[in-house]
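To start, the structure under review is shown below, and the notes come after it.
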Amino acid sequence: MKNKTIMKTLLAAAAASVALVAQADINVGVTISATGPAASLGIPEKNTITLLPTTIGGQKVNYIILDDASDTTAAVSNTRKLITEHKVDVVVGSTVTPNSLAMIDAVAESSTPMISVAASARIVEPVDAKKKWVFKTPQNDIMMALAIVQHMVDNGIKTAGYIGFADAYGEGWYQEFAKIAGIKGLKIVANERYNRTDTSVTGQVLKLMAAKPDAVLVGGSGTPAVLPQKTLKERGYAGKYYQTHGVANNDFLRVGGKDVEGTFLPAGPVLVAAQLPANHPVKKSASDYVAKYEAAFGKGSASTFGGHAWDVGLLLQSAIPVALKGGAQPGTPAFRAALRDALEGVKELAGAHGVFNMSPTDHLGLDQRARVMVKIENGTWKFVQ
């Protein structure tokens, strides 16, 4: 009788253990630039994470959000903390390209999938032994550079000047811009750099103006991208102004004011969701995000940057159930590998910014349906094409 009692106790304990394993939570680690120079991008991303579902595929999902203050060292530290202390199944972030590039070693070493909300193609290309763990949701610079150069050429612009951040974002943008400009016959007559924290770019602007370009492209993001354009305006530059999709939020409009009127830029369709044609492939999904965000944070508060975080959520909602079907339990290397494989297999997923079709060689999965051209007009965004 005593042996039977012991056996029943052991079986009950084993069953309880199995139940606990089956109920393991999925932990999503997030490092976002909620403060610092990139805060105008990171805040809507952080806000959007709070709107993501807390149950996916029948499993509870926890989101651990850390602020990297727009600092590369902090982003790496946060990533390692999320992996080692919080045992996350996936890392989301960071907001800016330099941070995201610096995080790759940490996720690759731990075989943890990562979904970046930064722009540069170099974050996911080429898909090698390290970057096979890395995905991203923002459009590649080359896609947006093509839209800008084509718009310039179509509007009779023959020469252009460039001023961008003195980091991976600014350099990556220049490379893509120059590549497309060469193909399209657009001559780049000036190439300048400045730091995100600079308070003056007078010297760079004087060089730009001396080259007399028909148009100037500012390769910056967030509110720091206002400075070159404001300085050009003050110095009387009368050519056309272009910005990258890195400025597509209301803080840029607020800080830029009259100095950014008439600016052209490429953007994700979510920026002008209400203005999209009824048959646009992401009008519904983009409009759904805008409605949910504005219900939580106020009318007119939605931005393209929050949309990138929303698309992370959609990717996870698509991939997690697939990863769970294989039987791997959250919190294990097997589940992280299964989730990576599931992300790579996402097909025809309509998001806030475009339609995602991932593959072993494409960890972005967006095509030209993921961008529109807009113009800043009367302090707001106007859909152009």
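Just so we're on the same page: first chain in the structure tokens is A, next is B, and so on; residues restart at 1 for each chain, and ligands are numbered from 1 in the order they show up.
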
With 8 Å as the cut-off and only C-alpha atoms counted, what is the closest atom pair between each nearby residue of segment 77-126 of chain A and segment 345-367 of chain A? Distances in Å to one decimal, ordered by chain and number, as JSON lines.
{"residue": "A:Val124", "atom": "CA", "partner": "A:His363", "partner_atom": "CA", "distance": 6.1}
{"residue": "A:Glu125", "atom": "CA", "partner": "A:Asp362", "partner_atom": "CA", "distance": 8.0}
{"residue": "A:Pro126", "atom": "CA", "partner": "A:Thr361", "partner_atom": "CA", "distance": 7.7}

Near Asp71 of chain A, within 8 Å and counting only C-alpha atoms, which residues show up once chain neighbours fewer than 4 positions away are dropped, as a ChimeraX atom specification? /A:33,36,75,99

Using only C-alpha atoms, which protein or nucleic acid residues come within 12 Å of Ile188 of chain A? Drop anything in the same chain fewer than 5 positions from it, and give the result as a ChimeraX atom specification. /A:149,152,157-163,174-175,177-183,208,211-217

Can I get the selected residues back with N, CA and C atoms, as a short mmCIF file (atom, residue, chain, number, x, y, z; two decimals), in the first residue's frame?
data_model
loop_
_atom_site.label_atom_id
_atom_site.label_comp_id
_atom_site.auth_asym_id
_atom_site.auth_seq_id
_atom_site.Cartn_x
_atom_site.Cartn_y
_atom_site.Cartn_z
N VAL A 149 14.66 58.99 -56.24
CA VAL A 149 15.37 59.33 -57.48
C VAL A 149 14.40 59.36 -58.65
N MET A 152 12.56 62.57 -58.50
CA MET A 152 13.42 63.68 -58.92
C MET A 152 13.52 63.74 -60.44
N ILE A 157 14.67 67.18 -62.27
CA ILE A 157 15.87 67.46 -61.48
C ILE A 157 17.08 66.77 -62.11
N LYS A 158 18.15 67.53 -62.34
CA LYS A 158 19.35 67.00 -62.99
C LYS A 158 20.50 66.77 -61.99
N THR A 159 20.57 67.63 -60.95
CA THR A 159 21.65 67.52 -59.97
C THR A 159 21.08 67.52 -58.56
N ALA A 160 21.77 66.81 -57.66
CA ALA A 160 21.30 66.74 -56.28
C ALA A 160 22.47 66.80 -55.31
N GLY A 161 22.19 67.36 -54.13
CA GLY A 161 23.15 67.36 -53.04
C GLY A 161 22.65 66.43 -51.95
N TYR A 162 23.57 65.93 -51.13
CA TYR A 162 23.19 65.02 -50.06
C TYR A 162 23.85 65.45 -48.76
N ILE A 163 23.09 65.42 -47.66
CA ILE A 163 23.64 65.61 -46.33
C ILE A 163 22.95 64.62 -45.41
N TYR A 174 23.38 57.11 -48.35
CA TYR A 174 24.14 57.71 -49.44
C TYR A 174 24.51 56.65 -50.48
N GLN A 175 24.93 55.50 -50.02
CA GLN A 175 25.33 54.44 -50.95
C GLN A 175 24.18 54.03 -51.85
N PHE A 177 21.40 55.83 -52.50
CA PHE A 177 21.01 56.99 -53.30
C PHE A 177 21.95 57.15 -54.49
N ALA A 178 23.27 57.03 -54.23
CA ALA A 178 24.25 57.19 -55.30
C ALA A 178 24.12 56.08 -56.34
N LYS A 179 23.84 54.89 -55.87
CA LYS A 179 23.71 53.74 -56.78
C LYS A 179 22.55 53.97 -57.77
N ILE A 180 21.39 54.36 -57.25
CA ILE A 180 20.22 54.58 -58.10
C ILE A 180 20.40 55.83 -58.95
N ALA A 181 21.00 56.88 -58.37
CA ALA A 181 21.23 58.11 -59.14
C ALA A 181 22.09 57.83 -60.36
N GLY A 182 23.11 57.00 -60.19
CA GLY A 182 23.98 56.65 -61.32
C GLY A 182 23.23 55.94 -62.42
N ILE A 183 22.32 55.06 -62.04
CA ILE A 183 21.53 54.31 -63.02
C ILE A 183 20.56 55.23 -63.76
N LEU A 208 27.09 72.72 -49.60
CA LEU A 208 25.98 72.25 -50.44
C LEU A 208 25.52 73.36 -51.39
N ALA A 211 27.61 74.16 -54.41
CA ALA A 211 27.50 73.21 -55.51
C ALA A 211 26.27 73.44 -56.37
N LYS A 212 25.33 74.26 -55.90
CA LYS A 212 24.12 74.65 -56.63
C LYS A 212 23.30 73.46 -57.16
N PRO A 213 22.94 72.53 -56.29
CA PRO A 213 22.11 71.40 -56.74
C PRO A 213 20.66 71.82 -56.98
N ASP A 214 19.99 71.10 -57.87
CA ASP A 214 18.56 71.36 -58.11
C ASP A 214 17.72 70.92 -56.92
N ALA A 215 18.21 69.92 -56.18
CA ALA A 215 17.49 69.39 -55.02
C ALA A 215 18.48 68.90 -53.99
N VAL A 216 18.04 68.82 -52.74
CA VAL A 216 18.86 68.29 -51.66
C VAL A 216 18.09 67.18 -50.95
N LEU A 217 18.78 66.06 -50.73
CA LEU A 217 18.22 64.96 -49.94
C LEU A 217 18.91 64.96 -48.57
#

Quick one: everything within 8 Å of Pro330 of chain A, counting only C-alpha atoms, minus sequence neighbours fewer than 4 positions away in the same chain. Send it as a JSON list (two decimals) with N, CA, C and O atoms, in the first residue's frame.
[["chain", "number", "residue", "atom", "x", "y", "z"],
["A", 24, "ALA", "N", 4.20, 27.10, -20.23],
["A", 24, "ALA", "CA", 5.31, 28.05, -20.22],
["A", 24, "ALA", "C", 4.97, 29.28, -21.05],
["A", 24, "ALA", "O", 4.42, 29.17, -22.15],
["A", 25, "ASP", "N", 5.30, 30.46, -20.52],
["A", 25, "ASP", "CA", 5.03, 31.70, -21.23],
["A", 25, "ASP", "C", 6.04, 31.91, -22.36],
["A", 25, "ASP", "O", 7.17, 31.43, -22.30],
["A", 26, "ILE", "N", 5.60, 32.67, -23.35],
["A", 26, "ILE", "CA", 6.51, 33.14, -24.39],
["A", 26, "ILE", "C", 6.98, 34.53, -23.98],
["A", 26, "ILE", "O", 6.17, 35.41, -23.69],
["A", 27, "ASN", "N", 8.28, 34.72, -23.92],
["A", 27, "ASN", "CA", 8.85, 36.00, -23.51],
["A", 27, "ASN", "C", 9.43, 36.74, -24.70],
["A", 27, "ASN", "O", 10.29, 36.21, -25.41],
["A", 89, "ASP", "N", 12.43, 34.56, -25.86],
["A", 89, "ASP", "CA", 12.37, 33.69, -27.04],
["A", 89, "ASP", "C", 12.65, 34.45, -28.32],
["A", 89, "ASP", "O", 12.98, 33.86, -29.35],
["A", 335, "PHE", "N", 12.59, 25.85, -29.29],
["A", 335, "PHE", "CA", 11.50, 26.77, -29.65],
["A", 335, "PHE", "C", 12.04, 27.99, -30.38],
["A", 335, "PHE", "O", 11.45, 28.46, -31.35],
["A", 336, "ARG", "N", 13.18, 28.52, -29.94],
["A", 336, "ARG", "CA", 13.76, 29.68, -30.62],
["A", 336, "ARG", "C", 14.10, 29.34, -32.07],
["A", 336, "ARG", "O", 13.88, 30.15, -32.98]]

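Closest approach to Val30 of chain A among A:Arg196, A:Gln275, A:Lys187, A:Ala309 is made by A:Ala309 (distances from only C-alpha atoms).
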
I need the residues of segment 6-119 of chain A that end up classed as alpha helix (DSSP H) by DSSP on the backbone, written out as a VMD selection string. chain A and resid 6 to 22 39 to 49 72 to 84 97 to 109

Check segment 228-283 of chain A with DSSP on the backbone and list each residue it calls strand (DSSP E), as a list in words. Lys240, Tyr241, Tyr242, Gln243, Phe264, Leu265, Pro266 and Ala267 of chain A

Could you list, as a ChimeraX atom specification, every residue within 10 Å of Val76 of chain A, counting only C-alpha atoms and ignoring same-chain residues fewer than 6 positions away? /A:31,68,82,94,99-107

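Here atom CA of Val272 of chain A is placed at a distance of 9.1 Å from atom CA of Ser287 of chain A.
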
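The smallest atom-to-atom distance between Ala38 of chain A and any of A:Asp67, A:Glu234, A:Asp288, A:Asp154, using only C-alpha atoms, is found for A:Asp67.
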
Please list as an MDAnalysis selection string every residue within 9 Å of segment 300-303 of chain A, counting only C-alpha atoms and excluding residues in the same chain fewer than 3 positions away. chainID A and resid 41 44:45 248:250 270:271 289:291 293:294 297 306:307

Just all heavy atoms for this one: save the residues we selected as a short mmCIF file (atom, residue, chain, number, x, y, z; two decimals), in the first residue's frame.
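The result, stored in selection-v3.cif:
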data_model
loop_
_atom_site.label_atom_id
_atom_site.label_comp_id
_atom_site.auth_asym_id
_atom_site.auth_seq_id
_atom_site.Cartn_x
_atom_site.Cartn_y
_atom_site.Cartn_z
N LEU A 41 11.02 58.50 -32.66
CA LEU A 41 10.75 57.25 -33.35
C LEU A 41 10.40 56.16 -32.34
O LEU A 41 9.47 55.37 -32.55
CB LEU A 41 11.97 56.80 -34.16
CG LEU A 41 12.36 57.53 -35.44
CD1 LEU A 41 12.71 58.99 -35.20
CD2 LEU A 41 13.53 56.82 -36.10
N PRO A 44 6.53 56.03 -30.22
CA PRO A 44 5.39 55.34 -30.82
C PRO A 44 5.62 53.83 -30.96
O PRO A 44 4.65 53.05 -30.93
CB PRO A 44 5.23 56.02 -32.18
CG PRO A 44 6.51 56.72 -32.45
CD PRO A 44 7.06 57.09 -31.11
N GLU A 45 6.87 53.40 -31.10
CA GLU A 45 7.16 51.97 -31.13
C GLU A 45 6.85 51.34 -29.78
O GLU A 45 6.20 50.28 -29.70
CB GLU A 45 8.63 51.74 -31.52
CG GLU A 45 8.96 52.13 -32.94
CD GLU A 45 10.45 52.21 -33.22
OE1 GLU A 45 11.26 52.08 -32.27
OE2 GLU A 45 10.81 52.40 -34.39
N ALA A 248 9.05 60.28 -40.99
CA ALA A 248 7.60 60.23 -41.18
C ALA A 248 6.84 60.12 -39.86
O ALA A 248 6.17 59.12 -39.57
CB ALA A 248 7.24 59.06 -42.09
N ASN A 249 6.95 61.16 -39.04
CA ASN A 249 6.13 61.23 -37.84
C ASN A 249 5.77 62.68 -37.53
O ASN A 249 6.35 63.62 -38.08
CB ASN A 249 6.80 60.54 -36.65
CG ASN A 249 8.03 61.29 -36.14
OD1 ASN A 249 8.38 62.35 -36.65
ND2 ASN A 249 8.67 60.73 -35.14
N ASN A 250 4.81 62.86 -36.64
CA ASN A 250 4.30 64.20 -36.38
C ASN A 250 5.29 65.09 -35.65
O ASN A 250 5.21 66.32 -35.75
CB ASN A 250 2.98 64.11 -35.59
CG ASN A 250 1.85 63.58 -36.44
OD1 ASN A 250 1.88 63.69 -37.66
ND2 ASN A 250 0.85 62.99 -35.81
N VAL A 270 1.02 53.29 -44.38
CA VAL A 270 0.27 53.59 -43.16
C VAL A 270 0.24 55.08 -42.86
O VAL A 270 -0.69 55.58 -42.23
CB VAL A 270 0.87 52.81 -41.96
CG1 VAL A 270 2.26 53.33 -41.61
CG2 VAL A 270 -0.05 52.85 -40.76
N LEU A 271 1.25 55.84 -43.32
CA LEU A 271 1.30 57.27 -43.05
C LEU A 271 0.10 58.01 -43.63
O LEU A 271 -0.35 59.00 -43.07
CB LEU A 271 2.60 57.86 -43.62
CG LEU A 271 2.87 59.33 -43.29
CD1 LEU A 271 3.12 59.52 -41.79
CD2 LEU A 271 4.05 59.87 -44.09
N TYR A 289 -4.54 49.45 -37.95
CA TYR A 289 -3.53 49.87 -36.98
C TYR A 289 -3.77 51.31 -36.54
O TYR A 289 -3.73 51.62 -35.34
CB TYR A 289 -2.11 49.74 -37.56
CG TYR A 289 -1.11 50.47 -36.70
CD1 TYR A 289 -0.85 50.03 -35.40
CD2 TYR A 289 -0.46 51.63 -37.15
CE1 TYR A 289 0.04 50.72 -34.58
CE2 TYR A 289 0.42 52.30 -36.33
CZ TYR A 289 0.67 51.86 -35.04
OH TYR A 289 1.53 52.54 -34.23
N VAL A 290 -3.98 52.20 -37.49
CA VAL A 290 -4.20 53.61 -37.15
C VAL A 290 -5.37 53.75 -36.18
O VAL A 290 -5.29 54.49 -35.19
CB VAL A 290 -4.45 54.44 -38.43
CG1 VAL A 290 -4.89 55.85 -38.07
CG2 VAL A 290 -3.19 54.48 -39.29
N ALA A 291 -6.46 53.02 -36.45
CA ALA A 291 -7.64 53.10 -35.60
C ALA A 291 -7.33 52.64 -34.18
O ALA A 291 -7.73 53.29 -33.20
CB ALA A 291 -8.77 52.27 -36.19
N TYR A 293 -4.32 52.45 -32.66
CA TYR A 293 -3.36 53.32 -32.00
C TYR A 293 -4.02 54.63 -31.55
O TYR A 293 -3.83 55.08 -30.42
CB TYR A 293 -2.19 53.62 -32.93
CG TYR A 293 -1.03 54.31 -32.23
CD1 TYR A 293 0.03 53.56 -31.72
CD2 TYR A 293 -0.99 55.69 -32.06
CE1 TYR A 293 1.09 54.17 -31.06
CE2 TYR A 293 0.06 56.31 -31.40
CZ TYR A 293 1.09 55.55 -30.90
OH TYR A 293 2.13 56.16 -30.24
N GLU A 294 -4.81 55.22 -32.42
CA GLU A 294 -5.42 56.51 -32.10
C GLU A 294 -6.50 56.36 -31.03
O GLU A 294 -6.75 57.30 -30.27
CB GLU A 294 -5.95 57.17 -33.36
CG GLU A 294 -4.83 57.57 -34.32
CD GLU A 294 -5.28 58.42 -35.49
OE1 GLU A 294 -6.51 58.52 -35.71
OE2 GLU A 294 -4.41 58.98 -36.18
N PHE A 297 -4.14 56.40 -27.99
CA PHE A 297 -3.21 57.51 -27.74
C PHE A 297 -3.66 58.85 -28.34
O PHE A 297 -2.91 59.83 -28.26
CB PHE A 297 -1.83 57.14 -28.26
CG PHE A 297 -1.25 55.94 -27.56
CD1 PHE A 297 -1.26 54.69 -28.17
CD2 PHE A 297 -0.73 56.06 -26.29
CE1 PHE A 297 -0.74 53.58 -27.52
CE2 PHE A 297 -0.20 54.96 -25.62
CZ PHE A 297 -0.21 53.71 -26.25
N GLY A 306 5.58 53.53 -35.25
CA GLY A 306 4.74 52.61 -34.50
C GLY A 306 4.23 51.49 -35.39
O GLY A 306 4.09 50.34 -34.95
N GLY A 307 4.00 51.82 -36.66
CA GLY A 307 3.55 50.80 -37.61
C GLY A 307 4.57 49.68 -37.80
O GLY A 307 4.20 48.52 -38.00
#

Extract, using only C-alpha atoms, all DNA, RNA and protein residues at most 8 Å from Asn140 of chain A, discarding same-chain residues fewer than 4 positions from it, and format them as number ranges by chain. A: 119-121, 144, 364

Residue with smallest distance to Ser285 of chain A - pool A:His86, A:Thr97, A:Ala273, A:Thr244, counting only C-alpha atoms: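 Among the listed residues, the smallest separation from Ser285 of chain A belongs to A:Ala273.
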
For Ala69 of chain A, the nearest of the candidates A:Ala34, A:Val88, A:Met373, A:Ile49, counting only C-alpha atoms: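 Using only C-alpha atoms, the shortest distance to Ala69 of chain A belongs to A:Ala34.
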
With distances taken over only C-alpha atoms, which residue among A:Thr263, A:Gln317, A:Gln329, A:Gln139 lies nearest Ala342 of chain A?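 Among the listed residues, A:Gln317 lies closest to Ala342 of chain A.
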
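With only C-alpha atoms as the atoms that count, the residue of A:Leu339, A:Gln204, A:Val260, A:Ala295 with the shortest distance to Gln229 of chain A is A:Val260.
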